[in-house]
Each structure stands twice: as structure tokens, then as C-alpha cells.
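This report refers to the structure that appears directly beneath it.
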Amino acid sequence: MQGLAFAEGLDRTARGCGAWRIDARCALLALERRFGPFTPAHEIAHGVAPAVQAPRAEPIEGKAPSQQWSDKVRPTILEAVDAAGSWPDLAQRLGRHGIVVKLVERGGRIQGLAFAQGRSADARGCGASRIDARCKKAALEVRFGPFPSPSRERTHGDGDVSREAWRSQERARRSSSDARHARDRKAERLREARERSRSQQENRTNLRGPRHLREGVDRNGVSESSWAVREAGYIADHARLRSAYVEYRDRYFEGRRRAIDARQNGAWEHERAQRRLEAQRRRDARQLLRATARLGSRGLTRQVAYWSIDAVMARRRVQEYSAARVRWQATKIVLASERGLSREEKPMDYKSFITEKARAGDPAAQCVLTDFTRAARETGPLADQRQHAGSAQQRRSPQSESRAFSLNELRVRLDVIRAEEEARHERARMERERLERVESPKSLDEVLAAEGQRIRAQTDDATKFTDAELIRLGQLVGEKRSWNPLTRIVATQAEETLRAARQSRCEKSLTAAIEKFEDRDVPKYAERVAADERRYRRYVTASLSLEEEMRETRAVLRDRIPQADQRLLVLERAGVSQIGDVGLHARLNDIATAIDREYRAVAEATRRGIEQSIRREQRAHGRSHEYISLGGR
């Protein structure tokens with residue numbers, strides 16, 4: 001299909017033209033983008049007479065010259081077909097006479113072969129069946145095999161489009177075959193897993209003996225479903241805690257970034273306010289000096305005084321700018337050190353996050369932490385032995401690790417856990433008492449401020465007035481008391497010059513000392529402060545962790561174990577003798593979960609009555625002890 005055409009009727013000789021000659025919007029691709037694929041309701045027009053240009057060439061099968069050409073070349077074609085041994089040999093023999101072999105395709109389907117006088121679209125030709133039955137595509141493929149490169153030789157349609165369509169079909173076939181192979185591999189793995197599980201179950205059944213067969217079948221029917229439900233709960237808890245951990249990390253880094261930005265913005269605001277205050281002070285001093293000069297002098301003397309005031313203010317501005325630059329450089333060093341210290345602090349890892357959530361009482365975190373603990377216990381020499389023994393013993397299902405325990409056995413296990421928690425509490429208390437106390441260190445700002453004051457004091461002592469300058473100042477004090485106004489003005493200016501020189505000398509020395517201090521000593525002080533802060537943080541972290549461990553053990557000893565004992569007593573009086581689905585070395589969380597499940601399975605009225613009777617007995621026991629103690633006295 002070449003495209004669309006508009007014609008004055010369905011007659012093959014009706015006048016018409018291609019759709020793209022009307023407008024680009026009428027082309028086949030443009031209309032298919034709007035309306036979808038074209039589905040013709042009438043016969044495809046293989047040739048439409050254009051309205052302006054000469055009529056198109058008809059297909060090679062429907063013209064008289066083609067009939068004459070086929071009669072002319074029939075002996076040549078038959079001779080080449082009979083002598084050829086393959087498709088390339090046939091193409092070579094026909095090519096000597098300028099004849100080519102083409103595929104005829106209509107509606108996306110290959111119709112057969114055709115012979116033509118060249119590869120041009122308007123070349124003369126005819127179908128292979130019109131030459132002889134021996135030239136048909138089926139007959140030649142029986143002799144030579146499949147026709148080569150069907151996507152390259154097309155008598156109808158665009159070659160590039162057909163090639164792309166063929167490539168897309170090949171890709172689709174490959175992707176479908178890959179998906180099918182993947183599904184087959186997955187099914188094979190599942191089948192192998194089922195076979196291994198069945199063989200393991202048979203081995204365990206054979207080891208236990210035939211008398212346990214019925215019991216094992218009944219138990220596995222219930223345990224497999226409970227194990228699947230429990231595993232699904234583990235997966236859901238892991239997913240929920242993972243999302244919570246991602247949110248925690250995002251909040252942590254966002255809070256740290258905001259704190260650093262707030263600290264830097266606050267420092268710059270403080271520096272800018274200080275610079276504004278210095279500029280305001282300079283303006284006030286300049287106005288005051290100019291007012292004094294305006295009142296005490298006139299003419300040239302006033303102008304000279306103005307110039308002197310401007311020069312003094314300019315020197316003061318330069319000095320204050322230099323001091324502000326040095327001060328801001330020191331502040332940036334402090335900010336950089338704080339930024340480095342803050343980046344050294346890392347958020348909790350996933351296991352620590354789960355531990356914190358479990359300590360806070362999150363049941364999902366407690367289950368996940370128990371799963372982690374079980375996995376950590378399994379990664380050891382025993383796991384290596386299991387790996388060498390085989391994949392069947394590498395992972396043991398929870399049913400094989402758990403069994404039904406009597407209430408007395410659970411009480412014994414709770415006594416063991418109580419002893420472990422008491423030992424843990426005592427160990428944490430002793431370690432906390434043995435910790436070396438570390439005082440909170442001073443911040444880097446405080447240390448640098450103290451060193452800056454010390455440097456300023458040393459600079460002031462080193463740049464005092466010399467003996468000659470002190471003598472000259474004494475003379476100028478006497479001259480300022482003279483009756484001559486010019487003498488007083490000159491003495492005042494000379495005194496200001498001496499003081500300005502001393503101030504300039506002091507500021508230059510101070511700037512050099514501060515620069516030397518920043519280049520050589522500030523990094524050392526920053527490292528020292530950072531080391532002190534790290535040591536203090538380690539002390540605080542260790543102390544808080546030990547205190548948290550002590551608090552956790554106290555909660556276990558005072559609340560959780562007594563609660564488990566109380567519920568065991570309730571279950572015992574309710575007639576429950578065993579509790580299933582508990583591991584041999586189960587932790588307190590697993591035991592509490594199993595006890596709570598059995599406790600909630602008892603009717604609420606029964607539980608309430610048993611608990612009331614227990615409380616009455618405890619009160620009576622307390623009163624009897626009180627009576628005995630009073631009688632003894």
C-alpha cells in the first residue's frame with residue numbers, strides 16, 4: 001500500500017490524484033495518527049489516473065506490452081531456470097540478459113514471483129506463473145530452498161518500512177520466546193524446590209518412624225499455613241520499617257542542612273550588623289569633627305581641617321574594613337570546622353533504627369529485630385557446616401525449631417531470662433560507674449575569642465608610645481594651653497598625628513598577628529576542639545547507651561516478666577497446659593507473643609473471673625503478712 005488517493009469514482013480509469021498532493025493533512029500517516037489504521041471498505045486502487053499529470057503505469061500483469069515481453073523472454077527464462085542450481089545462480093544467469101526476479105506482495109502477504117526487465121517500478125514484466133509452471137515460487141523453492149531476503153525484494157510497498165516492520169516482528173518474537181523461557185525456568189525451579197521440600201519431609205518422617213506419620217501429617221497441615229502467614233507478616237513489617245527508615249534519613253539530612261544554613265546565615269547577619277554599626281559610628285564621628293572645625297576655624301584653616309578629617313576617616317574606614325575581613329575569615333573557618341564536625345555525625349543504621357523502635361514498644365520492630373537476631377545466630381560455624389551438608393539443611397523452617405512447651409518449662413525459661421537481665425543490668429551499672437567523666441569542652445568560637453583578646457592585649461603592650469613620643473606628647477600638652485590659637489591648633493593636630501600613627505602601628509601589628517594566628521594556630525585549635533568534642537560525644541554516647549540499657553532491663557524485670565508470670569497463672573487456672581509455636585531458645589518477645597496469643601484465646605469472662613480471684617488472694621496474703629508483723633511486735 002503506497003498511500004491514499006482521491007478519484008472521481010471506483011473505475012480504474014477515473015481521474016484522480018494522490019492525497020498528499022491535496023495537502024499534507026490528507027496524507028495517510030497524518031490521517032492514521034488522527035483516526036487510527038486505515039481499513040479500506042472498497043477495492044484497493046492499484047492505479048488512479050491523475051487529474052493533471054499523465055496516467056500512472058498499471059501493474060506489470062495487466063498491459064499488452066508485458067504480454068509481448070513475456071512471450072519474447074520465455075525461452076531465455078526457461079533456459080536459465082533449467083540450468084540454475086541455486087537462487088544466486090539463477091539471478092546471475094538472468095542478470096546477463098537484464099532480467100531480475102522479484103517478490104509480488106499484496107496486502108502484506110507474498111503472492112509469488114515475478115520477472116521484470118530491471119528493478120524500476122515502471123519496468124516491463126510478468127508473473128512467474130505466466131512463463132511456466134516450473135517458474136513458480138513453490139516449484140523453485142523445492143529445488144533451491146527458501147527465497148533469500150524476502151524483506152529486501154518487494155514489488156509493492158516501501159522497502160525501509162517493510163524492513164522495520166520485519167525487525168519489529170523479530171524483536172517481538174525474541175522477547176516472547178525469552179519470556180516463555182523465563183517462565184519455564186521459574187517453573188522448573190519451583191518444581192525442584194517442591195521436590196526438595198518433599199524429600200526433606202520424607203527423610204524426617206522416615207527418621208521419626210511410621211508411628212509418627214499420622215501426627216506429622218496433621219501437624220504440618222496447620223504449621224505450614226501458620227508459617228506462611230508469619231512469613232507474610234515479616235515481609236510486611238520489613239517493608240513498613242524500610243519506608244520509615246528512609247523517611248528518618250531524609251528528615252535527618254534535611255535537618256542538618258537547615259541547621260548549617262541557619263548557622264551560616266546568622267553569622268553573616270551578625271557580621272553585617274556590626275559593619276553597619278561601624279559605618280554609622282564613622283559617619284557620626286565625621287559629622288561631629290566637621291562641626292567642631294566649622295565652629296573653631298574659618299577660611300583656609302577650616303578647609304585644611306576638613307581635609308584632615310576626611311583623611312583620618314578614610315584611614316579609619318580602611319582599618320575597620322581590614323579588621324572586618326579578618327574577622328569574617330575567622331568566622332568562616334569556624335563555620336567550616338562546625339560543618340565538618342556535623343558531617344562526621346552519621347544517622348543510625350537500619351539495625352540500630354529497628355532496635356530503637358523495638359525499645360519504644362513497636363511490635364513490628366520487635367518481630368523484625370527477633371528475625372535479625374535469629375539470622376545473626378545462624379551465620380556462624382554451624383551455618384558453614386549446613387552449607388557443606390547441603391541446601392536441604394541450610395535453612396530450617398520455623399516449625400522444626402519450635403515445639404509445644406508446658407507452663408512450668410516456660411516459667412523456667414522466664415527465670416533464666418530474668419537472671420540474664422539482672423546480670424545485664426549489673427554489668428551496665430558497673431560499666432557506667434567506671435566511665436571516666438569528661439567535662440563539656442568549650443566551643444571553637446569561645447576559644448578563638450579568648451585567643452583574640454590575648455593577641456590584642458599583647459599587641460597593645462608591644463605598640464605603646466615610646467619614650468620620645470611620650471616626651472613629645474607632654475610638650476604638646478603644654479602648647480595646647482598657649483594663648484595663641486594657631487599654636488593650639490598645631491599642637492592638637494600634632495597630637496592627633498602621633499596618636500593616629502600609634503593606632504595605625506597597633507592595627508598593622510594586630511592584623512599581622514591575627515593573620516599569622518589564623519594560618520598557623522587556628523587549624524590546631526580546631527583539631528584540638530574537634531578531638532575534645534569527639535571524646536565528649538563518645539563519653540555521652542556510651543553513658544546514654546548504658547543508661548538506656550539499664551532502663552530497658554528495669555522495664556523487663558519490673559513490668560514484662562511479672563506480666564508474663566501473671567498471664568501464665570491465668571492460663572494455668574483456665575486449664576491450659578501447653579503453649580505451642582515457641583522456640584527452644586526463644587527470647588522474651590517470642591514468649592510474650594505466644595503467651596499473649598493463648599491469653600486472648602481464653603474467654604473474656606473467664607479471664608476476668610480468674611484475675612479477680614488472684615487479686616483477692618494477693619490482698620488476703622498481704623493482710624496476713626501485715627497481721628503477723630503487727631502481732632510479732
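Ligands are numbered from 1 in the order shown, chains are lettered A, B, ... in the order of the C-alpha cells, and residues start at 1 in each chain.
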Identify, on the basis of only C-alpha atoms, every residue whose closest approach to region 605-613 of chain A does not exceed 8 Å; exclude the query and any residue fewer than 5 positions from it along the same chain; express the result as a list in words.
Val570, Arg573 and Ala574 of chain A
12 Å contact set for region 434-448 of chain A, only C-alpha atoms, chain neighbours under 6 positions out, as a PyMOL selection string:
chain A and resi 267+327+330-338+341+427-428+454-455+514+517-518+521-544+546-547
Export of the given selection (C-alpha atoms) as a JSON list (two decimals), in the first residue's frame:
[["chain", "number", "residue", "atom", "x", "y", "z"],
["A", 267, "ALA", "CA", 26.80, 34.59, 61.43],
["A", 327, "ARG", "CA", 37.01, 38.72, 61.49],
["A", 330, "ALA", "CA", 37.93, 33.62, 61.19],
["A", 331, "THR", "CA", 34.17, 33.15, 61.29],
["A", 332, "LYS", "CA", 34.27, 31.18, 58.04],
["A", 333, "ILE", "CA", 36.98, 28.94, 59.49],
["A", 334, "VAL", "CA", 34.78, 28.30, 62.50],
["A", 335, "LEU", "CA", 31.78, 27.56, 60.26],
["A", 336, "ALA", "CA", 33.84, 25.18, 58.12],
["A", 337, "SER", "CA", 35.03, 23.29, 61.19],
["A", 338, "GLU", "CA", 31.48, 23.05, 62.51],
["A", 341, "LEU", "CA", 32.03, 18.06, 62.64],
["A", 427, "ARG", "CA", 27.12, -5.15, 84.10],
["A", 428, "ALA", "CA", 25.75, -1.92, 82.58],
["A", 454, "ARG", "CA", 45.13, 37.73, 74.31],
["A", 455, "ILE", "CA", 46.65, 38.74, 70.95],
["A", 514, "ILE", "CA", 45.85, 37.68, 63.54],
["A", 517, "PHE", "CA", 47.40, 33.12, 64.13],
["A", 518, "GLU", "CA", 44.85, 32.10, 61.51],
["A", 521, "ASP", "CA", 47.29, 28.23, 65.10],
["A", 522, "VAL", "CA", 43.60, 28.20, 64.12],
["A", 523, "PRO", "CA", 43.75, 24.74, 62.44],
["A", 524, "LYS", "CA", 45.50, 23.37, 65.54],
["A", 525, "TYR", "CA", 42.87, 24.82, 67.84],
["A", 526, "ALA", "CA", 40.13, 23.50, 65.53],
["A", 527, "GLU", "CA", 41.64, 19.99, 65.63],
["A", 528, "ARG", "CA", 42.03, 20.19, 69.40],
["A", 529, "VAL", "CA", 38.45, 21.34, 69.92],
["A", 530, "ALA", "CA", 37.19, 18.69, 67.49],
["A", 531, "ALA", "CA", 39.13, 15.99, 69.38],
["A", 532, "ASP", "CA", 37.72, 17.23, 72.71],
["A", 533, "GLU", "CA", 34.19, 17.26, 71.28],
["A", 534, "ARG", "CA", 34.58, 13.76, 69.86],
["A", 535, "ARG", "CA", 35.84, 12.48, 73.20],
["A", 536, "TYR", "CA", 32.95, 14.18, 74.96],
["A", 537, "ARG", "CA", 30.45, 12.77, 72.45],
["A", 538, "ARG", "CA", 31.88, 9.28, 72.91],
["A", 539, "TYR", "CA", 31.52, 9.64, 76.65],
["A", 540, "VAL", "CA", 27.95, 10.93, 76.36],
["A", 541, "THR", "CA", 27.02, 8.24, 73.84],
["A", 542, "ALA", "CA", 28.46, 5.46, 75.99],
["A", 543, "SER", "CA", 26.81, 6.84, 79.12],
["A", 544, "LEU", "CA", 23.43, 7.24, 77.45],
["A", 546, "LEU", "CA", 24.42, 2.18, 79.21],
["A", 547, "GLU", "CA", 21.68, 4.18, 80.89]]
Residue nearest Ala291 (chain A) among A:Phe405, A:Arg257, A:Glu433, A:Ile309 (counting only C-alpha atoms)
A:Ile309
May I have the residues within 12 Å of Pro562 (chain A) as an NGL selection string, using only C-alpha atoms and disregarding those fewer than 6 positions away in the same chain?
:A and (411 or 414-415 or 417-418 or 554-556 or 568-569 or 588 or 592)
So what do you get for CA of Arg272 (chain A) versus CA of Leu510 (chain A), distance-wise?
21.7 Å
Could you check the closest approach to Ala364 (chain A) for each of A:Arg432, A:His238, A:Arg282, A:Lys351 and tell me which residue wins, using only C-alpha atoms?
A:His238
List every residue of region 307-523 of chain A that DSSP, applied to the backbone of this structure, places in helix (DSSP H, G or I), and write the result as a VMD selection string.
chain A and resid 307 to 344 350 to 359 363 to 378 381 to 389 398 to 401 407 to 434 444 to 462 467 to 479 485 to 523
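Nearest residue to Ala305 (chain A), choosing from A:Gly255, A:Glu278, A:Ile489, A:Val477 and counting only C-alpha atoms: A:Ile489.
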For CA of Leu369 (chain A) and CA of Asp596 (chain A), determine how far apart the two atoms are, in Å to one decimal place.
18.7 Å
